[in-house]
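Student: Take a look at work_24.txt, compact mmCIF, C-alpha atoms and all ligand atoms:
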```
# COMPACT_ATOMS: atom_id res chain seq x y z
CA MET A 725 0.00 0.00 0.00
CA ARG A 726 0.96 3.66 -0.22
CA VAL A 727 1.91 5.15 3.13
CA GLY A 728 2.55 8.84 3.66
CA ILE A 729 4.75 9.72 6.62
CA LEU A 730 3.94 13.07 8.23
CA GLY A 731 6.87 13.63 10.57
CA SER A 732 10.11 11.82 9.82
CA GLY A 733 11.73 11.88 13.25
CA LEU A 734 12.40 8.99 15.62
CA MET A 735 9.05 7.28 15.05
CA GLY A 736 8.25 8.31 11.47
CA ALA A 737 11.71 7.57 10.10
CA LYS A 738 11.85 4.11 11.66
CA LEU A 739 8.28 3.08 10.91
CA GLY A 740 8.53 4.44 7.36
CA THR A 741 11.77 2.51 6.80
CA ILE A 742 10.18 -0.69 8.07
CA PHE A 743 7.04 -0.17 5.96
CA ALA A 744 9.28 0.32 2.91
CA ARG A 745 11.27 -2.82 3.71
CA ALA A 746 7.98 -4.69 4.07
CA GLY A 747 7.17 -3.69 0.48
CA HIS A 748 5.04 -0.58 0.90
CA GLU A 749 5.32 2.56 -1.16
CA VAL A 750 6.43 5.11 1.41
CA VAL A 751 6.69 8.89 1.11
CA PHE A 752 8.67 10.55 3.91
CA SER A 753 7.77 14.14 4.69
CA TYR A 754 7.96 16.87 7.31
CA ALA A 755 11.47 17.29 8.70
CA ARG A 756 13.52 20.43 9.06
CA SER A 757 15.80 19.53 6.19
CA GLU A 758 15.06 18.13 2.77
CA GLU A 759 18.48 16.48 2.83
CA LYS A 760 17.39 14.36 5.80
CA LEU A 761 14.25 13.23 3.94
CA ARG A 762 16.27 12.43 0.82
CA ARG A 763 18.75 10.38 2.87
CA LEU A 764 15.95 8.53 4.66
CA ALA A 765 14.24 7.61 1.41
CA ARG A 766 17.52 6.43 -0.09
CA LYS A 767 18.43 4.33 2.98
CA ALA A 768 14.96 2.82 3.27
CA GLY A 769 15.25 1.55 -0.30
CA GLY A 770 12.41 -0.22 -2.06
CA LYS A 771 9.75 2.17 -3.28
CA ALA A 772 10.53 4.87 -0.70
CA ARG A 773 10.70 8.51 -1.72
CA PHE A 774 10.25 11.88 -0.08
CA GLY A 775 8.04 14.86 -0.67
CA THR A 776 5.97 17.61 0.91
CA PRO A 777 3.30 16.66 3.45
CA ARG A 778 0.73 17.27 0.70
CA GLU A 779 2.53 14.88 -1.64
CA ALA A 780 2.84 12.31 1.16
CA ALA A 781 -0.89 12.44 1.82
CA GLN A 782 -1.95 12.49 -1.82
CA ASP A 783 -3.11 9.07 -3.02
CA ALA A 784 -2.01 7.50 0.27
CA ASP A 785 -3.88 4.45 1.53
CA ALA A 786 -2.69 5.43 4.99
CA VAL A 787 -0.98 8.42 6.51
CA LEU A 788 1.15 8.09 9.63
CA LEU A 789 1.09 11.18 11.85
CA ALA A 790 4.31 11.22 13.88
CA VAL A 791 4.91 14.74 15.14
CA HIS A 792 4.96 16.53 18.46
CA TRP A 793 1.54 17.66 19.68
CA LEU A 794 2.66 21.28 19.21
CA ARG A 795 3.32 20.61 15.50
CA PHE A 796 -0.12 19.10 14.73
CA ASP A 797 -1.70 22.25 13.31
CA ASP A 798 1.30 23.09 11.17
CA VAL A 799 1.72 19.64 9.63
CA LEU A 800 -2.02 19.22 9.08
CA ALA A 801 -2.23 22.59 7.34
CA GLN A 802 0.62 21.51 5.06
CA ALA A 803 -0.93 18.10 4.37
CA GLY A 804 -4.18 19.63 3.09
CA ASP A 805 -7.55 17.88 2.99
CA LEU A 806 -7.37 14.49 4.70
CA SER A 807 -11.07 13.66 4.55
CA GLY A 808 -11.65 10.01 3.74
CA LYS A 809 -8.02 9.15 4.53
CA VAL A 810 -6.87 6.57 7.04
CA VAL A 811 -4.81 8.60 9.48
CA ILE A 812 -2.77 6.48 11.87
CA THR A 813 -1.44 8.48 14.77
CA CYS A 814 1.40 7.42 17.03
CA SER A 815 1.56 10.94 18.43
CA LEU A 816 0.91 11.76 22.06
CA PRO A 817 -0.50 15.00 23.45
CA MET A 818 2.65 15.94 25.37
CA ASN A 819 3.63 19.32 26.77
CA ALA A 820 6.61 21.19 25.31
CA ASP A 821 9.20 19.45 27.48
CA ASP A 822 7.62 16.00 27.04
CA THR A 823 6.95 15.45 30.73
CA GLU A 824 3.13 15.41 30.92
CA LEU A 825 0.08 14.62 28.85
CA VAL A 826 -1.82 17.85 28.23
CA VAL A 827 -5.02 16.00 27.28
CA ALA A 828 -6.24 13.06 29.37
CA GLN A 829 -9.21 11.40 31.06
CA SER A 830 -12.03 13.34 29.39
CA SER A 831 -10.38 13.22 25.95
CA SER A 832 -7.21 11.99 24.24
CA GLY A 833 -4.75 13.26 21.66
CA ALA A 834 -6.26 10.86 19.14
CA GLU A 835 -9.79 12.21 19.68
CA GLU A 836 -8.57 15.81 19.52
CA LEU A 837 -6.82 14.93 16.25
CA ALA A 838 -10.06 13.45 14.89
CA LYS A 839 -11.77 16.81 15.61
CA LYS A 840 -9.05 18.63 13.66
CA VAL A 841 -9.44 16.39 10.59
CA PRO A 842 -13.19 15.87 10.18
CA GLY A 843 -13.91 13.12 7.70
CA ALA A 844 -10.55 11.43 8.22
CA ARG A 845 -10.60 7.90 9.63
CA VAL A 846 -8.31 8.15 12.62
CA VAL A 847 -6.67 5.11 14.21
CA ALA A 848 -4.34 5.30 17.20
CA ALA A 849 -1.49 2.79 16.84
CA PHE A 850 2.26 2.42 17.35
CA GLY A 851 2.35 5.16 20.00
CA THR A 852 2.53 2.70 22.90
CA VAL A 853 6.10 1.56 22.23
CA PRO A 854 9.39 3.44 22.16
CA SER A 855 11.03 4.00 18.78
CA GLU A 856 14.11 2.14 20.00
CA VAL A 857 12.30 -1.20 19.88
CA LEU A 858 10.91 -0.99 16.33
CA PHE A 859 13.81 -2.39 14.30
CA GLY A 860 14.26 -5.18 16.87
CA VAL A 861 10.59 -6.17 16.59
CA TYR A 862 10.85 -6.17 12.80
CA ALA A 863 14.01 -8.31 12.94
CA ALA A 864 12.22 -10.80 15.22
CA ARG A 865 9.00 -10.93 13.17
CA ARG A 866 9.36 -14.62 12.35
CA ARG A 867 9.39 -15.63 16.01
CA LYS A 868 6.33 -17.53 17.17
CA GLN A 869 5.56 -15.18 20.02
CA ARG A 870 5.28 -11.61 18.90
CA PRO A 871 4.95 -8.58 21.16
CA SER A 872 1.46 -7.09 21.40
CA LEU A 873 0.47 -3.69 20.04
CA VAL A 874 -2.84 -2.09 20.95
CA CYS A 875 -4.77 0.04 18.49
CA CYS A 876 -8.15 1.76 18.53
CA GLY A 877 -10.41 3.68 16.18
CA ASP A 878 -14.02 4.13 15.12
CA ASP A 879 -13.76 2.97 11.48
CA PRO A 880 -13.41 -0.81 11.09
CA LYS A 881 -11.95 -0.60 7.57
CA ALA A 882 -9.37 1.93 8.69
CA LYS A 883 -8.42 -0.35 11.55
CA LYS A 884 -7.93 -3.21 9.08
CA VAL A 885 -5.37 -1.08 7.27
CA ALA A 886 -3.63 -0.26 10.56
CA VAL A 887 -3.70 -3.90 11.66
CA LYS A 888 -1.99 -4.95 8.41
CA LEU A 889 0.79 -2.41 9.01
CA ILE A 890 1.11 -3.45 12.67
CA ARG A 891 1.56 -7.08 11.55
CA ASP A 892 4.06 -6.05 8.88
CA VAL A 893 6.21 -4.39 11.54
CA GLY A 894 6.19 -7.62 13.56
CA PHE A 895 3.65 -7.02 16.31
CA ASP A 896 0.57 -8.98 17.27
CA PRO A 897 -2.21 -6.37 16.90
CA ILE A 898 -4.85 -6.01 19.57
CA ASP A 899 -7.87 -3.98 18.50
CA ILE A 900 -9.22 -2.61 21.77
CA GLY A 901 -12.22 -0.82 20.25
CA ALA A 902 -13.31 2.78 19.72
CA LEU A 903 -11.03 5.79 19.36
CA ARG A 904 -12.12 7.08 22.78
CA LEU A 905 -10.11 4.21 24.30
CA ALA A 906 -6.99 6.19 23.44
CA ARG A 907 -7.82 7.78 26.81
CA TYR A 908 -6.41 4.55 28.26
CA THR A 909 -3.61 3.85 25.79
CA GLU A 910 -2.01 7.29 26.00
CA PRO A 911 -1.48 7.20 29.80
CA PHE A 912 -0.39 3.55 29.41
CA THR A 913 2.39 4.87 27.20
CA MET A 914 3.62 6.98 30.11
CA LEU A 915 4.15 3.72 32.00
CA ILE A 916 5.98 2.20 29.03
CA ALA A 917 8.15 5.34 28.74
CA ARG A 918 8.94 5.14 32.45
CA LEU A 919 10.04 1.52 32.05
CA ALA A 920 11.95 2.25 28.84
CA TYR A 921 13.84 5.35 29.89
CA GLU A 922 13.90 5.48 33.68
CA VAL A 923 14.12 1.88 34.84
CA LYS A 924 17.15 -0.34 34.30
CA GLY A 925 17.13 -2.46 31.15
CA GLY A 926 17.18 -0.06 28.23
CA PRO A 927 14.63 1.53 25.92
CA ALA A 928 14.20 -1.32 23.40
CA LEU A 929 11.05 -2.38 25.21
CA ALA A 930 7.83 -3.92 23.91
CA TYR A 931 4.95 -5.57 25.80
CA ARG A 932 2.90 -8.72 25.40
CA PHE A 933 -0.43 -9.57 27.00
CA GLU A 934 -1.12 -13.15 27.94
CA ARG A 935 -4.36 -14.82 28.92
CA PHE A 936 -4.34 -17.75 31.32
CA LYS A 937 -7.09 -20.31 31.38
N1 LIG B 1 10.07 8.72 20.17
C1 LIG B 1 9.34 7.76 20.69
O1 LIG B 1 9.89 6.73 21.14
C2 LIG B 1 7.84 7.85 20.73
C3 LIG B 1 7.11 6.74 21.21
C4 LIG B 1 5.73 6.80 21.21
C5 LIG B 1 5.07 7.94 20.77
N2 LIG B 1 5.80 9.02 20.34
C6 LIG B 1 5.07 10.19 19.86
O2 LIG B 1 5.22 10.22 18.45
C7 LIG B 1 5.30 11.58 17.97
C8 LIG B 1 6.60 11.74 17.21
O3 LIG B 1 7.67 11.52 18.11
P1 LIG B 1 9.18 11.48 17.63
O4 LIG B 1 9.97 11.09 18.82
O5 LIG B 1 9.28 10.73 16.36
O6 LIG B 1 9.43 13.04 17.36
P2 LIG B 1 10.64 13.72 16.59
O7 LIG B 1 11.79 12.77 16.55
O8 LIG B 1 10.82 15.04 17.21
O9 LIG B 1 10.07 13.85 15.12
C9 LIG B 1 9.17 14.83 14.75
C10 LIG B 1 9.38 15.18 13.29
O10 LIG B 1 8.80 16.46 13.08
C11 LIG B 1 9.75 17.28 12.42
N3 LIG B 1 9.60 18.69 12.74
C12 LIG B 1 9.60 19.28 13.97
N4 LIG B 1 9.45 20.60 13.84
C13 LIG B 1 9.38 20.85 12.52
C14 LIG B 1 9.23 22.03 11.75
N5 LIG B 1 9.15 23.22 12.31
N6 LIG B 1 9.18 21.92 10.40
C15 LIG B 1 9.27 20.72 9.81
N7 LIG B 1 9.42 19.56 10.49
C16 LIG B 1 9.48 19.63 11.82
C17 LIG B 1 11.09 16.78 12.91
O11 LIG B 1 12.11 17.24 12.02
P3 LIG B 1 13.64 16.79 12.17
O12 LIG B 1 13.68 15.38 11.65
O13 LIG B 1 14.37 17.74 11.32
O14 LIG B 1 13.95 16.87 13.63
C18 LIG B 1 10.86 15.29 12.92
O15 LIG B 1 11.07 14.76 11.62
C19 LIG B 1 5.20 12.47 19.21
O16 LIG B 1 3.89 12.92 19.34
C20 LIG B 1 5.58 11.54 20.36
O17 LIG B 1 4.96 11.93 21.57
C21 LIG B 1 7.17 8.99 20.30
```
Before we go any further, please render this structure as structure tokens.
Tutor:
Amino acid sequence: MRVGILGSGLMGAKLGTIFARAGHEVVFSYARSEEKLRRLARKAGGKARFGTPREAAQDADAVLLAVHWLRFDDVLAQAGDLSGKVVITCSLPMNADDTELVVAQSSSGAEELAKKVPGARVVAAFGTVPSEVLFGVYAARRRKQRPSLVCCGDDPKAKKVAVKLIRDVGFDPIDIGALRLARYTEPFTMLIARLAYEVKGGPALAYRFERFK
């Protein structure tokens, strides 16, 4: 499928590279230098290229939004009309110094995004793991036991698209339901970030849920 990357930083660059290696047609966009985007596209190989946010969104089967909360309005304005598009967000509604969620409990970053892009089919996915684990998960994708990855959204067809990409990266997708459930997944990510960056063991951390009979 065609995947437009809006925000080619830690998350967007890695996920876009993995999507390209998994055979998708990726367009990297939105970084502070065109040279970085060019380099990313070249290194990702396959059918990867780079462009403006508008070019990344155009004809995309899915768009990955991977920017800081404070950059949402700017990148969305540059991307243009996203109505009808599958917009997968890994972005969290963090304050400027990335210490606190600025939206929680009564809403979520994903729901606020959905209000900003009426008509787009928003799915929250990939935001619950640190970028440092992504290449490792992709490398281990043939293992029998994959790490879990929760996703949520209101449009079943959009979630199917997200689930395919989640599988392609090497996770076991868990569809937890409606977009409003991002109210749970976003604070959960604060726990994951705590474990990844503040507790001994390193940031290449994923999670897996198990049921016992
Ligand atoms: N990093 C993680 O492990 C992680 C995990 C889960 C969720 N998240 C969430 O995912 C989202 C993306 O995180 P990230 O760590 O990937 O962020 P990041 O590394 O800062 O990437 C953001 C991208 O936006 C670009 N950008 C910023 N300001 C810009 C401007 N003025 N003009 C053009 N481009 C600009 C950056 O350009 P440059 O490339 O030039 O810097 C970068 O490509 C955030 O909402 C974060 O909370 C991150």
Student: Would you list the residues that come within 8 Å of ligand LIG 1 (chain B)? Count all atoms listed in the file and give the answer as an MDAnalysis selection string.
Tutor: chainID A and resid 730:737 753:757 760 789:793 795 798:799 813:818 822 850:856 913 917
Student: Could you give me, as a compact mmCIF listing (two decimals) with C-alpha atoms, keeping the file's coordinate frame, the residues within 9 Å of A:Gln782, counting all atoms listed in the file and dropping anything in the same chain fewer than 4 positions from it?
Tutor:
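What ended up in selection.txt:
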```txt
# COMPACT_ATOMS: atom_id res chain seq x y z
CA GLY A 728 2.55 8.84 3.66
CA PRO A 777 3.30 16.66 3.45
CA ARG A 778 0.73 17.27 0.70
CA ALA A 803 -0.93 18.10 4.37
CA GLY A 804 -4.18 19.63 3.09
CA LEU A 806 -7.37 14.49 4.70
```
Student: For A:Ser872, which residue among A:Asp899, A:Glu922, A:Asp797, A:Glu758 is the nearest when counting only C-alpha atoms?
Tutor: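 Of A:Asp899, A:Glu922, A:Asp797, A:Glu758, the one nearest A:Ser872 is A:Asp899, counting only C-alpha atoms.
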Student: If you count all atoms listed in the file, which residues fall within 9 Å of A:Val885, apart from same-chain ones fewer than 5 positions away, as JSON, numbers by chain?
Tutor: {"A": [785, 786, 810, 880, 890]}
Student: Please, what distance in Å, to one decimal, runs between atom CA of A:Val827 and atom CA of A:Leu788?
Tutor: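 A separation of 20.3 Å between them.
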Student: Once 5 Å is added on each side, what centre and edge lengths in Å to one decimal does the axis-aligned box around all listed atoms of stretch 828-846 of chain A have, as AutoDock Vina command-line options?
Tutor:
```
--center_x -9.3 --center_y 13.3 --center_z 19.4 --size_x 19.2 --size_y 20.7 --size_z 33.4
```
Student: Would you mind telling me which residue in A:Val750, A:Thr909, A:Arg904, A:Leu800 lies nearest to A:Ser830 when using all atoms listed in the file?
Tutor: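 So, comparing all the options, the nearest one is A:Arg904.
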Student: Between atom CA of A:Asp783 and atom CA of A:Cys875, what distance in Å does the model show, to one decimal?
Tutor: 23.4 Å
Student: When you look at A:Val847 with a cut-off of 7 Å (counting all atoms listed in the file), what residues show up, excluding the ones that are within fewer than 6 positions of it in the same chain? I need them as JSON, numbers by chain.
Tutor: {"A": [811, 812, 813, 875, 876, 877, 882, 883, 903]}
Student: So, counting only C-alpha atoms, which residue among A:Val751, A:Arg845, A:Met725, A:Ala902 is closest to A:Leu764?
Tutor: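 Using only C-alpha atoms, A:Leu764 sits closest to A:Val751.
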Student: How far is it from atom CA of A:Arg907 to atom CA of A:Val846, in Å with one decimal?
Tutor: 14.2 Å
Student: Counting all atoms listed in the file, note down every residue that has an atom within 6 Å of the point (7.8, 2.4, -5.1) (file coordinates), as a list in words.
Tutor: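 With a cut-off of 6 Å, the residues come to Glu749, Lys771 and Ala772 of chain A.
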Student: With distances taken over only C-alpha atoms, which residue among A:Ala844, A:Leu873, A:Leu837, A:Ala828 lies nearest A:Pro911?
Tutor: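 Selected residue with least distance to A:Pro911: A:Ala828.
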Student: Compare A:Lys868, A:Lys924, A:Arg918, A:Arg891 by their minimum atom-to-atom distance to A:Phe743, counting all atoms listed in the file, and give me the closest one.
Tutor: A:Arg891
